[in-house]
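> Just dropping this structure here.
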Amino acid sequence: MEQVEKLTSELRAIIHWDAEYWRRACPEWYETVAFMSRQRRRIEIIRDLSSAAKRGSVPAIVEGKQSTRSQFPLKGKKRRFKYAEDLAS
């Protein structure tokens, strides 16, 4: 259970930093690299939490808040990509 709490805490931190990233209209290159790394880690965490839930290690999936993308829209500005999965293709 402690591992699940660590993963959810890390996922919340990723959500926080991603919200900061999305607020910037033109992020620096290193911010984009960090964002992509966080997205990869986010996928790993979700995969681990999903596995824990299937094993019954998690009593209930933690309910998340509204997506940070919808909380902090870029007003009329387009980004080159939205998700880490878009970068792979």
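Ligands are numbered from 1 in the order shown, chains are lettered A, B, ... in the order of the structure tokens, and residues start at 1 in each chain.
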For Arg55 in chain A, find every residue with an atom within 12 Å (counting only C-alpha atoms), except residues of its own chain fewer than 6 positions away, and show them as a CSV table (one decimal) with N, CA and C atoms, in the first residue's frame.

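Wrote it out as selection16.csv, contents follow:
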```
chain,number,residue,atom,x,y,z
A,1,MET,N,0.8,-1.2,0.0
A,1,MET,CA,0.0,0.0,0.0
A,1,MET,C,0.9,1.3,0.0
A,48,ASP,N,1.7,0.7,-13.5
A,48,ASP,CA,2.0,0.1,-12.2
A,48,ASP,C,0.7,0.1,-11.3
A,49,LEU,N,0.0,1.3,-11.3
A,49,LEU,CA,-1.2,1.4,-10.5
A,49,LEU,C,-2.3,0.4,-11.0
```
> Got a sec: who's within 9 Å of Ile46 in chain A, counting only C-alpha atoms, leaving out chain neighbours fewer than 5 positions off, as a list in words?
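Near Ile46 in chain A, the qualifying residues are Leu7, Thr8, Leu11, Arg41 and Ser51 of chain A.
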